[in-house]
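As structure tokens, the structure follows; a few thoughts come after it.
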Amino acid sequence: MLYLKLLPITFFPVLFWIIPHPEALTAQTWHIVGIYLAMLCGLVLRPFTDAVIMLIILGFASLVIEPVSLFAGFGSPMVWFIISAFIICKAFVITGLGKRIAYLLLKRYGKNTLTLGYLMMVTDTVLAPATGSNMSRSGGITFPIFRNIAEALGSTPENGSRRIGAYLTILMYVVSMGTSSLFLTGMATNSITVSLANEIMHVNLSWMVWFKAAVLPAGLVLLSAPWILYKLYAPELKSIDNVNEIAQKGLHALGPVKREEKLLIVFFVLGILGWMTGSVTGIAFIPVGLAFLASLLLFRVLSWNDVVSEKSAWQTFVWYGAFYGCAVALSKGGFYLYLVGVIKNYLDLSQLSEISAIGVLIFISLAVR
């Protein structure tokens, strides 16, 4: 099975070395297209982890292609911003601030199942602007708290999942997609989208521009999802009597508010303000994110061991750095302009309205997925 997965990954580079390059492109750009397609196949088929497959492809490709073109992505400020976002997310886990926010909301408002669903949404939304890994945020902070609540109420995957656990699990997935879309810093792939849009189309999206564009669709999803799911997939348990006891127990385990939590709150607020006022101050969201992480290290909210132990951040660094480096090389080589010309011969959207054209593009993106 491993070798079957490796077959298409090796097929594209070999194919693009054999096929003569178009007149509009250089031989090196044409060869990088083959490497780029091999990377996409590797990320889809996953014969190894994402980082490993990228290093394998880069290692062999650097024998025949100038390494500077392939490894340029690792020096991108956006790559380092993504790493910062992952590690900042870890600060909420290590200090316990993420749990404390959830338990305080639960103690104050968690009286029934529907309210509990909205509390889960609010918790994830509050954490989302400063936690660039939706997997670490939703899977590592928000959901474990509400899963523990479900289990305390007698709802486990093995027994009684329909009491409340199934409702919270499905809702967590929907909420995570909403909070990840709402903020540019809510998910690593948002930063990838912004950097590629800037490199390929020369469109510069700030944190606030992204938020303004996303707040209506993502906001509607977040506000309606708990209620809609409550109606479509109704939990058996409607009211919760011992929620105060559960919240109090969680807060007791956390202990009094620590120095690190207070500092994290301060830097969190400053970070949000920095991202929101970027158009006024002239400071882009990337330097703000890097300064956020630098402050956490300077004031010892996080240690260097915390940084290097965040494996998901460094795995993302490897695969995204490789992917972005190839994308930049293709952009500079004129491949995307060449591709647009080829697509226009088969798909002309110039006669469509803006809404219709967007609809067609959305359909194509969903079909490709």
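For the structure tokens, the naming scheme is as follows: chains receive sequential letters (A, B, ...) according to their order of presentation, residues are indexed from 1 within each chain, and ligands are indexed from 1 in presentation order.
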
Task: Residue neighbourhood stretch 304-312 of chain A, 12 Å, only C-alpha atoms, exclusion window fewer than 3 positions, as a ChimeraX atom specification - done: /A:49-51,82-95,132-136,188,293-294,296-298,300-301,315-320

TODO: Give me the residues within 12 Å of A:Met54 as a ChimeraX atom specification, counting only C-alpha atoms and dropping any in the same chain fewer than 4 places off.
DONE: /A:9,35-43,46-50,58-62,70-71,315-326

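Distances from A:Asp124, A:Gly154, A:Trp210, A:Val68 to A:Met177 were compared using only C-alpha atoms, and the smallest one belongs to A:Asp124.
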
TODO: List every residue of stretch 245-282 of chain A that DSSP, applied to the backbone of this structure, places in alpha helix (DSSP H), and write the result as a PyMOL selection string.
DONE: chain A and resi 245-254+259-276+278-281

Selection above as a file: N, CA and C atoms, as an mmCIF file, in the first residue's frame:
```
data_model
loop_
_atom_site.group_PDB
_atom_site.id
_atom_site.type_symbol
_atom_site.label_atom_id
_atom_site.label_comp_id
_atom_site.auth_asym_id
_atom_site.auth_seq_id
_atom_site.Cartn_x
_atom_site.Cartn_y
_atom_site.Cartn_z
ATOM 1 N N GLU A 245 -21.970 22.592 40.400
ATOM 2 C CA GLU A 245 -21.028 21.697 41.075
ATOM 3 C C GLU A 245 -19.866 21.327 40.152
ATOM 4 N N ILE A 246 -20.185 21.047 38.875
ATOM 5 C CA ILE A 246 -19.152 20.689 37.899
ATOM 6 C C ILE A 246 -18.194 21.859 37.672
ATOM 7 N N ALA A 247 -18.766 23.065 37.501
ATOM 8 C CA ALA A 247 -17.943 24.251 37.265
ATOM 9 C C ALA A 247 -17.075 24.571 38.477
ATOM 10 N N GLN A 248 -17.666 24.478 39.657
ATOM 11 C CA GLN A 248 -16.928 24.779 40.881
ATOM 12 C C GLN A 248 -15.771 23.809 41.086
ATOM 13 N N LYS A 249 -16.016 22.546 40.763
ATOM 14 C CA LYS A 249 -14.971 21.528 40.881
ATOM 15 C C LYS A 249 -13.816 21.823 39.921
ATOM 16 N N GLY A 250 -14.159 22.237 38.698
ATOM 17 C CA GLY A 250 -13.131 22.579 37.716
ATOM 18 C C GLY A 250 -12.314 23.783 38.136
ATOM 19 N N LEU A 251 -12.978 24.814 38.672
ATOM 20 C CA LEU A 251 -12.278 26.018 39.121
ATOM 21 C C LEU A 251 -11.398 25.723 40.335
ATOM 22 N N HIS A 252 -11.892 24.857 41.209
ATOM 23 C CA HIS A 252 -11.102 24.481 42.391
ATOM 24 C C HIS A 252 -9.813 23.771 41.981
ATOM 25 N N ALA A 253 -9.921 22.921 40.953
ATOM 26 C CA ALA A 253 -8.739 22.197 40.466
ATOM 27 C C ALA A 253 -7.713 23.158 39.867
ATOM 28 N N LEU A 254 -8.190 24.241 39.256
ATOM 29 C CA LEU A 254 -7.280 25.229 38.660
ATOM 30 C C LEU A 254 -6.602 26.091 39.717
ATOM 31 N N ARG A 259 -0.174 34.342 38.085
ATOM 32 C CA ARG A 259 0.500 35.470 37.436
ATOM 33 C C ARG A 259 0.518 35.296 35.927
ATOM 34 N N GLU A 260 0.813 34.077 35.463
ATOM 35 C CA GLU A 260 0.897 33.809 34.027
ATOM 36 C C GLU A 260 -0.442 34.042 33.330
ATOM 37 N N GLU A 261 -1.532 33.710 34.009
ATOM 38 C CA GLU A 261 -2.858 33.925 33.422
ATOM 39 C C GLU A 261 -3.152 35.413 33.277
ATOM 40 N N LYS A 262 -2.804 36.186 34.296
ATOM 41 C CA LYS A 262 -3.040 37.631 34.246
ATOM 42 C C LYS A 262 -2.255 38.271 33.102
ATOM 43 N N LEU A 263 -0.990 37.864 32.967
ATOM 44 C CA LEU A 263 -0.171 38.405 31.883
ATOM 45 C C LEU A 263 -0.717 37.993 30.524
ATOM 46 N N LEU A 264 -1.178 36.750 30.416
ATOM 47 C CA LEU A 264 -1.728 36.277 29.146
ATOM 48 C C LEU A 264 -2.966 37.069 28.765
ATOM 49 N N ILE A 265 -3.802 37.403 29.748
ATOM 50 C CA ILE A 265 -4.989 38.227 29.475
ATOM 51 C C ILE A 265 -4.571 39.586 28.922
ATOM 52 N N VAL A 266 -3.564 40.197 29.548
ATOM 53 C CA VAL A 266 -3.086 41.518 29.102
ATOM 54 C C VAL A 266 -2.576 41.449 27.668
ATOM 55 N N PHE A 267 -1.720 40.473 27.376
ATOM 56 C CA PHE A 267 -1.153 40.358 26.032
ATOM 57 C C PHE A 267 -2.219 39.956 25.014
ATOM 58 N N PHE A 268 -3.182 39.173 25.448
ATOM 59 C CA PHE A 268 -4.290 38.770 24.580
ATOM 60 C C PHE A 268 -5.086 39.998 24.136
ATOM 61 N N VAL A 269 -5.437 40.850 25.093
ATOM 62 C CA VAL A 269 -6.191 42.075 24.778
ATOM 63 C C VAL A 269 -5.366 42.994 23.884
ATOM 64 N N LEU A 270 -4.084 43.162 24.216
ATOM 65 C CA LEU A 270 -3.214 44.011 23.395
ATOM 66 C C LEU A 270 -3.070 43.453 21.982
ATOM 67 N N GLY A 271 -2.984 42.131 21.869
ATOM 68 C CA GLY A 271 -2.885 41.507 20.553
ATOM 69 C C GLY A 271 -4.121 41.761 19.705
ATOM 70 N N ILE A 272 -5.302 41.595 20.319
ATOM 71 C CA ILE A 272 -6.556 41.852 19.595
ATOM 72 C C ILE A 272 -6.624 43.308 19.151
ATOM 73 N N LEU A 273 -6.268 44.224 20.054
ATOM 74 C CA LEU A 273 -6.274 45.649 19.704
ATOM 75 C C LEU A 273 -5.288 45.936 18.580
ATOM 76 N N GLY A 274 -4.122 45.297 18.635
ATOM 77 C CA GLY A 274 -3.123 45.485 17.580
ATOM 78 C C GLY A 274 -3.619 45.020 16.231
ATOM 79 N N TRP A 275 -4.309 43.880 16.202
ATOM 80 C CA TRP A 275 -4.849 43.367 14.936
ATOM 81 C C TRP A 275 -5.993 44.241 14.425
ATOM 82 N N MET A 276 -6.818 44.738 15.341
ATOM 83 C CA MET A 276 -7.979 45.530 14.931
ATOM 84 C C MET A 276 -7.586 46.909 14.418
ATOM 85 N N GLY A 278 -4.691 47.777 12.943
ATOM 86 C CA GLY A 278 -3.565 47.720 12.015
ATOM 87 C C GLY A 278 -3.625 48.764 10.919
ATOM 88 N N SER A 279 -4.840 49.058 10.431
ATOM 89 C CA SER A 279 -4.979 50.041 9.353
ATOM 90 C C SER A 279 -4.666 51.452 9.837
ATOM 91 N N VAL A 280 -4.796 51.683 11.146
ATOM 92 C CA VAL A 280 -4.515 53.004 11.723
ATOM 93 C C VAL A 280 -3.045 53.125 12.107
ATOM 94 N N THR A 281 -2.524 52.100 12.773
ATOM 95 C CA THR A 281 -1.135 52.143 13.247
ATOM 96 C C THR A 281 -0.127 51.829 12.151
#
```

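Here atom CA of A:Ala150 is placed at a distance of 21.0 Å from atom CA of A:Leu97.
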
Open item on the list: So that I can check the surroundings of stretch 198-208 of chain A, please list as a list of chain:residue names every protein, DNA and RNA residue that reaches within 9 Å of it, counting only C-alpha atoms and ignoring chain neighbours fewer than 2 positions away.
Closed with: A:Phe183, A:Leu184, A:Thr185, A:Thr193, A:Val194, A:Ser195, A:Leu196, A:Trp210, A:Phe211, A:Lys212, A:Ala213, A:Trp275, A:Met276, A:Thr277, A:Gly278, A:Ser279, A:Ala284, A:Phe285, A:Ala327, A:Val328, A:Leu330, A:Ser331, A:Lys332, A:Tyr336, A:Leu337

Write a file of the just-selected residues containing N, CA and C atoms, as a JSON list (two decimals), in the first residue's frame.
```
[["chain", "number", "residue", "atom", "x", "y", "z"],
["A", 183, "PHE", "N", -12.06, 34.67, 12.12],
["A", 183, "PHE", "CA", -10.85, 35.46, 12.33],
["A", 183, "PHE", "C", -9.72, 34.97, 11.44],
["A", 184, "LEU", "N", -8.95, 35.90, 10.91],
["A", 184, "LEU", "CA", -7.80, 35.52, 10.08],
["A", 184, "LEU", "C", -6.83, 34.67, 10.89],
["A", 185, "THR", "N", -6.74, 34.98, 12.19],
["A", 185, "THR", "CA", -5.82, 34.26, 13.07],
["A", 185, "THR", "C", -6.48, 33.05, 13.72],
["A", 193, "THR", "N", -3.89, 31.19, 2.98],
["A", 193, "THR", "CA", -4.74, 31.80, 1.95],
["A", 193, "THR", "C", -4.34, 33.25, 1.70],
["A", 194, "VAL", "N", -4.14, 33.99, 2.79],
["A", 194, "VAL", "CA", -3.78, 35.41, 2.67],
["A", 194, "VAL", "C", -2.43, 35.58, 1.99],
["A", 195, "SER", "N", -1.46, 34.76, 2.39],
["A", 195, "SER", "CA", -0.12, 34.89, 1.81],
["A", 195, "SER", "C", -0.11, 34.53, 0.33],
["A", 196, "LEU", "N", -0.87, 33.49, -0.05],
["A", 196, "LEU", "CA", -0.93, 33.11, -1.46],
["A", 196, "LEU", "C", -1.69, 34.15, -2.28],
["A", 210, "TRP", "N", -10.46, 40.99, 6.83],
["A", 210, "TRP", "CA", -10.93, 39.60, 6.89],
["A", 210, "TRP", "C", -12.14, 39.48, 7.83],
["A", 211, "PHE", "N", -12.02, 40.11, 9.01],
["A", 211, "PHE", "CA", -13.10, 40.02, 10.00],
["A", 211, "PHE", "C", -14.39, 40.64, 9.47],
["A", 212, "LYS", "N", -14.30, 41.80, 8.83],
["A", 212, "LYS", "CA", -15.49, 42.45, 8.29],
["A", 212, "LYS", "C", -16.18, 41.59, 7.23],
["A", 213, "ALA", "N", -15.37, 40.91, 6.41],
["A", 213, "ALA", "CA", -15.93, 40.07, 5.36],
["A", 213, "ALA", "C", -16.55, 38.79, 5.93],
["A", 275, "TRP", "N", -4.31, 43.88, 16.20],
["A", 275, "TRP", "CA", -4.85, 43.37, 14.94],
["A", 275, "TRP", "C", -5.99, 44.24, 14.42],
["A", 276, "MET", "N", -6.82, 44.74, 15.34],
["A", 276, "MET", "CA", -7.98, 45.53, 14.93],
["A", 276, "MET", "C", -7.59, 46.91, 14.42],
["A", 277, "THR", "N", -6.51, 47.47, 14.95],
["A", 277, "THR", "CA", -6.12, 48.84, 14.60],
["A", 277, "THR", "C", -4.96, 48.88, 13.62],
["A", 278, "GLY", "N", -4.69, 47.78, 12.94],
["A", 278, "GLY", "CA", -3.57, 47.72, 12.01],
["A", 278, "GLY", "C", -3.63, 48.76, 10.92],
["A", 279, "SER", "N", -4.84, 49.06, 10.43],
["A", 279, "SER", "CA", -4.98, 50.04, 9.35],
["A", 279, "SER", "C", -4.67, 51.45, 9.84],
["A", 284, "ALA", "N", 1.21, 45.59, 10.55],
["A", 284, "ALA", "CA", 0.48, 44.45, 10.00],
["A", 284, "ALA", "C", 0.25, 43.39, 11.08],
["A", 285, "PHE", "N", -0.63, 42.44, 10.78],
["A", 285, "PHE", "CA", -0.98, 41.43, 11.78],
["A", 285, "PHE", "C", 0.17, 40.48, 12.09],
["A", 327, "ALA", "N", 5.02, 27.62, -4.29],
["A", 327, "ALA", "CA", 3.98, 28.52, -4.80],
["A", 327, "ALA", "C", 4.56, 29.86, -5.21],
["A", 328, "VAL", "N", 5.49, 30.38, -4.41],
["A", 328, "VAL", "CA", 6.14, 31.66, -4.73],
["A", 328, "VAL", "C", 6.99, 31.52, -5.99],
["A", 330, "LEU", "N", 6.52, 29.47, -8.44],
["A", 330, "LEU", "CA", 5.61, 29.38, -9.59],
["A", 330, "LEU", "C", 5.05, 30.75, -9.95],
["A", 331, "SER", "N", 4.75, 31.55, -8.93],
["A", 331, "SER", "CA", 4.23, 32.89, -9.19],
["A", 331, "SER", "C", 5.27, 33.76, -9.90],
["A", 332, "LYS", "N", 6.50, 33.72, -9.41],
["A", 332, "LYS", "CA", 7.57, 34.50, -10.04],
["A", 332, "LYS", "C", 7.89, 34.00, -11.44],
["A", 336, "TYR", "N", 1.05, 31.00, -12.86],
["A", 336, "TYR", "CA", -0.37, 31.24, -12.59],
["A", 336, "TYR", "C", -1.02, 32.07, -13.69],
["A", 337, "LEU", "N", -0.28, 33.04, -14.24],
["A", 337, "LEU", "CA", -0.81, 33.80, -15.37],
["A", 337, "LEU", "C", -1.00, 32.89, -16.58]]
```
